[in-house]
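S.K.: This is the structure I want to talk about, given as structure tokens.
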Amino acid sequence: MARIAYVNGRYVPQSQAAVHIEDRGNQFADGVYEVMKVVDGRPSDGDRHLARLARSLASLRIEAPMSEAALQQIVMETVRRNRLRDATVYIQISRGSAPRDHAFPKASVPTVIVTAKRMKRPDPKAYAEGVGVVVQPDIRWLKCEVKSVSLLPNVLARQAAREAGAYEAFLTRDGDVVTECSASNCYIVDAEGVLRTHPLSPLILGGVTRSVVLELAAAEGIPVDERPFTLAELEDAREAILTSTSSWVMPVVRVGDQVIGDGTPGPVTRRLQAAYHRHVFGNRGPAVATVADAMPVV
Ligand code: PMP
């Protein structure tokens with residue numbers, strides 16, 4: 001079945017979906033996006049994703065093209081037309097198309113694209129045993145809180161990880177402060193057993209999964225401190241984790257050649273995996289991440 005995309009008011013087969021060559025998303029990366037899960041036919045943390053989208057748009061002074069309710073309806077219709085129940089949905093909104101000029105056009109209509117594909121669960125072996133990461137310098141701009149489609153530094157960092165056979169790249173600023181990853185947020189459980197992650201700031205994207213995981217940690221009685229950690233603290237950490245909408249709560253057991261903790265996912269990671277699994281899937285399937293693979297793929 002051909003995948004269906006929503007583009008500017010129409011649902012079209014993806015092979016026929018197109019935007020104008022002078023779209024400012026194409027010319028200047030002048031646009032924002034969201035990625036969300038739809039689980040069992042319902043958006044997972046949909047409100048948080050749409051709220052972040054609104055913040056991203058406002059930050060770039062792109063007028064919201066429609067209400068959140070209307071956008072949510074388009075998301076669900078796109079999922080429905082692709083005959084999915086568990087889906088990963090991408091929303092991309094640019095400032096629209098206009099003759100090339102760096103400054104904003106006087107009048108432009110935002111371009112709206114919504115696509116959906118079958119939700120891919122994180123690789124079960126990686127989820128159970130943990131992954132390795134590399135370290136890359138964070139060469140991004142100072143508005144990382146905006147979920148901008150301008151992703152070149154992230155692309156280069158992820159490629160470096162790929163070439164090293166690693167899952168992700170931890171990004172560092174000022175030499176040794178870890179901000180986040182190329183497409184996920186990261187955490188350590190430090191020597192005192194505290195879950196640490198970079199605070200919300202223009203240096204990181206405030207992940208929806210991050211906000212959920214910090215709430216789950218608090219509810220689990222895990223001490224949380226939104227305080228940056230250094231590379232040295234990462235290497236000395238008991239546990240390390242990365243989170244995102246598509247990686248969920250992924251254990252990190254190696255940084256370069258350095259083994260974290262005992263080289264296996266630790267107890268805090270396991271508890272957060274289980275709590276996140278319950279948050280997303282409720283009673284659907286056992287609440288243990290290691291058996292995520294046994295869940296039916298719809
Ligand atoms: N940081 C960056 C740079 C990202 O691209 C992502 C993924 N969108 C995240 C963090 C994680 O965000 P979320 O949990 O909302 O997927």
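By order in the structure tokens, chains are A, B, ...; within a chain, residues start at 1; ligands start at 1, following the order shown.
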Can you list, as a PyMOL selection string, every protein, DNA or RNA residue that comes within 7 Å of A:Gly207 when you count only C-alpha atoms, leaving out same-chain residues fewer than 3 positions away?
M.R.: chain A and resi 185+210-211+244
S.K.: What does the file look like for those residues with all heavy atoms, as a short mmCIF file (atom, residue, chain, number, x, y, z; two decimals), in the first residue's frame?
M.R.:
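Result went into out29.cif, see below:
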```cif
data_model
loop_
_atom_site.label_atom_id
_atom_site.label_comp_id
_atom_site.auth_asym_id
_atom_site.auth_seq_id
_atom_site.Cartn_x
_atom_site.Cartn_y
_atom_site.Cartn_z
N ASN A 185 18.15 12.96 24.51
CA ASN A 185 18.69 13.55 25.74
C ASN A 185 19.46 12.47 26.50
O ASN A 185 19.19 11.28 26.33
CB ASN A 185 17.55 14.09 26.61
CG ASN A 185 16.84 15.26 25.96
OD1 ASN A 185 15.71 15.16 25.52
ND2 ASN A 185 17.52 16.39 25.87
N ARG A 210 12.19 13.16 27.88
CA ARG A 210 12.92 13.66 29.05
C ARG A 210 11.93 14.14 30.12
O ARG A 210 12.06 13.79 31.30
CB ARG A 210 13.84 14.81 28.62
CG ARG A 210 14.60 15.52 29.74
CD ARG A 210 15.32 16.75 29.19
NE ARG A 210 16.06 17.47 30.22
CZ ARG A 210 15.50 18.28 31.11
NH1 ARG A 210 14.18 18.48 31.11
NH2 ARG A 210 16.24 18.90 32.01
N SER A 211 10.95 14.93 29.71
CA SER A 211 10.01 15.47 30.70
C SER A 211 9.23 14.33 31.36
O SER A 211 9.00 14.32 32.57
CB SER A 211 9.06 16.50 30.08
OG SER A 211 8.16 15.89 29.17
N SER A 244 14.54 9.23 23.92
CA SER A 244 13.86 9.98 22.87
C SER A 244 12.57 9.26 22.54
O SER A 244 12.34 8.12 22.97
CB SER A 244 14.72 10.10 21.61
OG SER A 244 14.70 8.89 20.89
#
```
S.K.: Counting only C-alpha atoms and all ligand atoms, what are the residues, protein, DNA or RNA alike, that approach ligand 1 to within 10 Å? I want them as a VMD selection string.
M.R.: chain A and resid 33 to 37 45 48 to 49 52 140 144 to 149 151 153 to 155 171 179 to 186 203 to 213 242 to 249
S.K.: To one decimal place, how far is atom CA of A:Asp262 from atom CA of A:Arg238 in Å?
M.R.: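 Answer for the atom CA of A:Asp262 to atom CA of A:Arg238 separation: 7.8 Å.
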S.K.: Please identify all polymer residues within 12 Å of A:Arg3, counting only C-alpha atoms, omitting same-chain residues fewer than 3 positions from it, and present them as a ChimeraX atom specification.
M.R.: /A:6,11-17,78-84,114-118
S.K.: Could you write out that same residue set with N, CA, C and O atoms as a short mmCIF file (atom, residue, chain, number, x, y, z; two decimals), in the first residue's frame?
M.R.:
```cif
data_model
loop_
_atom_site.label_atom_id
_atom_site.label_comp_id
_atom_site.auth_asym_id
_atom_site.auth_seq_id
_atom_site.Cartn_x
_atom_site.Cartn_y
_atom_site.Cartn_z
N TYR A 6 0.11 14.00 4.29
CA TYR A 6 -0.70 15.23 4.26
C TYR A 6 0.24 16.37 3.86
O TYR A 6 1.29 16.56 4.47
N TYR A 11 -4.38 15.02 1.16
CA TYR A 11 -3.76 13.72 1.45
C TYR A 11 -3.36 13.10 0.11
O TYR A 11 -4.22 12.90 -0.75
N VAL A 12 -2.07 12.85 -0.06
CA VAL A 12 -1.59 12.36 -1.35
C VAL A 12 -0.61 11.20 -1.14
O VAL A 12 0.06 11.13 -0.12
N PRO A 13 -0.52 10.30 -2.15
CA PRO A 13 0.52 9.27 -2.06
C PRO A 13 1.88 9.95 -1.93
O PRO A 13 2.12 10.98 -2.57
N GLN A 14 2.75 9.37 -1.12
CA GLN A 14 4.03 10.06 -0.86
C GLN A 14 4.82 10.32 -2.13
O GLN A 14 5.54 11.31 -2.23
N SER A 15 4.67 9.41 -3.12
CA SER A 15 5.42 9.60 -4.36
C SER A 15 4.98 10.86 -5.11
O SER A 15 5.71 11.40 -5.93
N GLN A 16 3.77 11.32 -4.80
CA GLN A 16 3.28 12.53 -5.47
C GLN A 16 3.31 13.75 -4.56
O GLN A 16 2.90 14.85 -4.97
N ALA A 17 3.76 13.56 -3.33
CA ALA A 17 3.76 14.67 -2.38
C ALA A 17 4.92 15.61 -2.71
O ALA A 17 6.03 15.16 -2.98
N THR A 78 -4.03 11.03 9.08
CA THR A 78 -2.87 10.51 8.35
C THR A 78 -2.56 9.08 8.81
O THR A 78 -2.29 8.19 7.99
N VAL A 79 -2.65 8.87 10.12
CA VAL A 79 -2.42 7.52 10.66
C VAL A 79 -3.49 6.57 10.10
O VAL A 79 -3.19 5.46 9.65
N ARG A 80 -4.71 7.03 10.12
CA ARG A 80 -5.82 6.19 9.66
C ARG A 80 -5.65 5.83 8.17
O ARG A 80 -5.79 4.68 7.78
N ARG A 81 -5.32 6.84 7.37
CA ARG A 81 -5.19 6.58 5.93
C ARG A 81 -4.02 5.66 5.62
O ARG A 81 -3.97 5.06 4.55
N ASN A 82 -3.06 5.59 6.54
CA ASN A 82 -1.95 4.65 6.34
C ASN A 82 -2.22 3.31 7.01
O ASN A 82 -1.33 2.46 7.09
N ARG A 83 -3.43 3.17 7.50
CA ARG A 83 -3.90 1.92 8.13
C ARG A 83 -2.97 1.46 9.25
O ARG A 83 -2.54 0.30 9.29
N LEU A 84 -2.63 2.39 10.12
CA LEU A 84 -1.73 2.08 11.23
C LEU A 84 -2.48 2.24 12.55
O LEU A 84 -3.41 3.05 12.65
N VAL A 114 2.56 16.28 7.07
CA VAL A 114 2.41 15.26 8.11
C VAL A 114 2.58 13.89 7.44
O VAL A 114 1.93 13.61 6.43
N THR A 115 3.49 13.09 7.98
CA THR A 115 3.66 11.73 7.47
C THR A 115 3.58 10.75 8.64
O THR A 115 3.79 11.13 9.80
N ALA A 116 3.28 9.51 8.32
CA ALA A 116 3.19 8.48 9.37
C ALA A 116 3.80 7.19 8.84
O ALA A 116 3.62 6.85 7.67
N LYS A 117 4.51 6.52 9.70
CA LYS A 117 5.01 5.19 9.32
C LYS A 117 4.81 4.26 10.50
O LYS A 117 4.58 4.72 11.63
N ARG A 118 4.93 2.99 10.25
CA ARG A 118 4.75 2.02 11.32
C ARG A 118 5.76 2.28 12.43
O ARG A 118 6.93 2.53 12.15
#
```
S.K.: Write out as a Markdown table a residue-level contact list of stretch 215-284 of chain A versus stretch 198-202 of chain A with cut-off 12 Å: for each qualifying residue the closest pair of atoms and the distance in Å to one decimal, counting only C-alpha atoms, rows sorted by chain and residue number upward.
M.R.:
```
| residue | atom | partner | partner_atom | distance |
| --- | --- | --- | --- | --- |
| A:Val224 | CA | A:Pro199 | CA | 11.0 |
| A:Asp225 | CA | A:Pro199 | CA | 8.5 |
| A:Glu226 | CA | A:Pro199 | CA | 4.7 |
| A:Arg227 | CA | A:His198 | CA | 5.1 |
| A:Pro228 | CA | A:His198 | CA | 4.2 |
| A:Phe229 | CA | A:His198 | CA | 7.1 |
| A:Thr230 | CA | A:His198 | CA | 10.0 |
| A:Leu242 | CA | A:His198 | CA | 11.9 |
```
S.K.: List as an NGL selection string the protein and nucleic acid residues near stretch 269-272 of chain A, meaning an atom at most 8 Å away when only C-alpha atoms are counted, but skip any in the same chain fewer than 5 places from it.
M.R.: :A and (213 or 216-217 or 239-241 or 249 or 251 or 289)
S.K.: Take the selection from the previous step and output its residues with C-alpha atoms, as a compact mmCIF listing (two decimals), in the first residue's frame.
M.R.:
```txt
# COMPACT_ATOMS: atom_id res chain seq x y z
CA VAL A 213 11.14 10.27 32.41
CA LEU A 216 8.50 9.00 36.36
CA ALA A 217 11.82 9.07 38.21
CA GLU A 239 24.73 4.15 34.83
CA ALA A 240 24.12 6.19 31.71
CA ILE A 241 20.92 6.51 29.68
CA VAL A 249 14.85 4.68 27.62
CA PRO A 251 20.83 2.06 28.39
CA ALA A 289 11.31 -3.52 28.60
```
S.K.: Using only C-alpha atoms, which of A:Phe28, A:Tyr127, A:Tyr187, A:Trp141 sits nearest A:Ser94?
M.R.: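 So, comparing all the options, the nearest one is A:Phe28.
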S.K.: Provide the atom CA of A:Pro223 to atom CA of A:Pro43 distance in Å, to one decimal place.
M.R.: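 Between these atoms lies a distance of 29.0 Å.
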S.K.: Report, in Å to a single decimal, how far apart atom CA of A:Ala5 and atom CA of A:Ile91 are.
M.R.: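 These two atoms are separated by 10.2 Å.
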S.K.: Taking 6 positions as the minimum chain separation for residues in the same chain, which residues sit within 6 Å of A:Ser97 when counting only C-alpha atoms? Answer as a list in words.
M.R.: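 Once the adjacent positions are removed, what remains is Glu22, Asp23 and Arg24 of chain A.
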S.K.: Please produce a file of the residues just selected, as a PDB file, in the first residue's frame, where the atoms kept are N, CA and C atoms.
M.R.:
```pdb
ATOM      1  N   GLU A  22      10.945  26.816  -3.813  1.00  0.00           N
ATOM      2  CA  GLU A  22      11.354  27.982  -3.018  1.00  0.00           C
ATOM      3  C   GLU A  22      10.759  27.948  -1.609  1.00  0.00           C
ATOM      4  N   ASP A  23      10.377  26.753  -1.191  1.00  0.00           N
ATOM      5  CA  ASP A  23       9.929  26.648   0.198  1.00  0.00           C
ATOM      6  C   ASP A  23      11.096  27.032   1.103  1.00  0.00           C
ATOM      7  N   ARG A  24      10.804  27.824   2.103  1.00  0.00           N
ATOM      8  CA  ARG A  24      11.884  28.314   2.966  1.00  0.00           C
ATOM      9  C   ARG A  24      12.467  27.210   3.850  1.00  0.00           C
TER      10      ARG A  24
END
```
S.K.: From a DSSP pass on the backbone, collect the residues of stretch 28-258 of chain A flagged as strand (DSSP E or B) and hand them back as number ranges by chain.
M.R.: A: 31-39, 42-44, 87-94, 97, 111-118, 131-137, 148, 168-173, 177-181, 185-189, 195-197, 224-225, 229-230, 239-244, 248-255, 258
S.K.: Kindly indicate which residue among A:Asn8, A:Thr172, A:Gln258, A:Thr264 lies nearest to A:Glu235, using only C-alpha atoms for the distances.
M.R.: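 Selected residue with least distance to A:Glu235: A:Gln258.
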S.K.: Pick the closest to A:His102 from A:Gly25, A:Gly282, A:Gly256, A:Gly266: which is it, counting only C-alpha atoms?
M.R.: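 Going through A:Gly25, A:Gly282, A:Gly256, A:Gly266 one by one, the smallest distance to A:His102 is for A:Gly25.
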S.K.: Hey, which of A:Arg55, A:Arg284, A:Arg254, A:Arg10 ends up closest to A:Thr111? Count only C-alpha atoms.
M.R.: A:Arg10
S.K.: I'd like the contact shell of A:Ala54 - 10 Å cut-off, only C-alpha atoms, skipping same-chain residues fewer than 2 positions apart - returned as an NGL selection string.
M.R.: :A and (32 or 48-52 or 56-59 or 62-64 or 67-68)
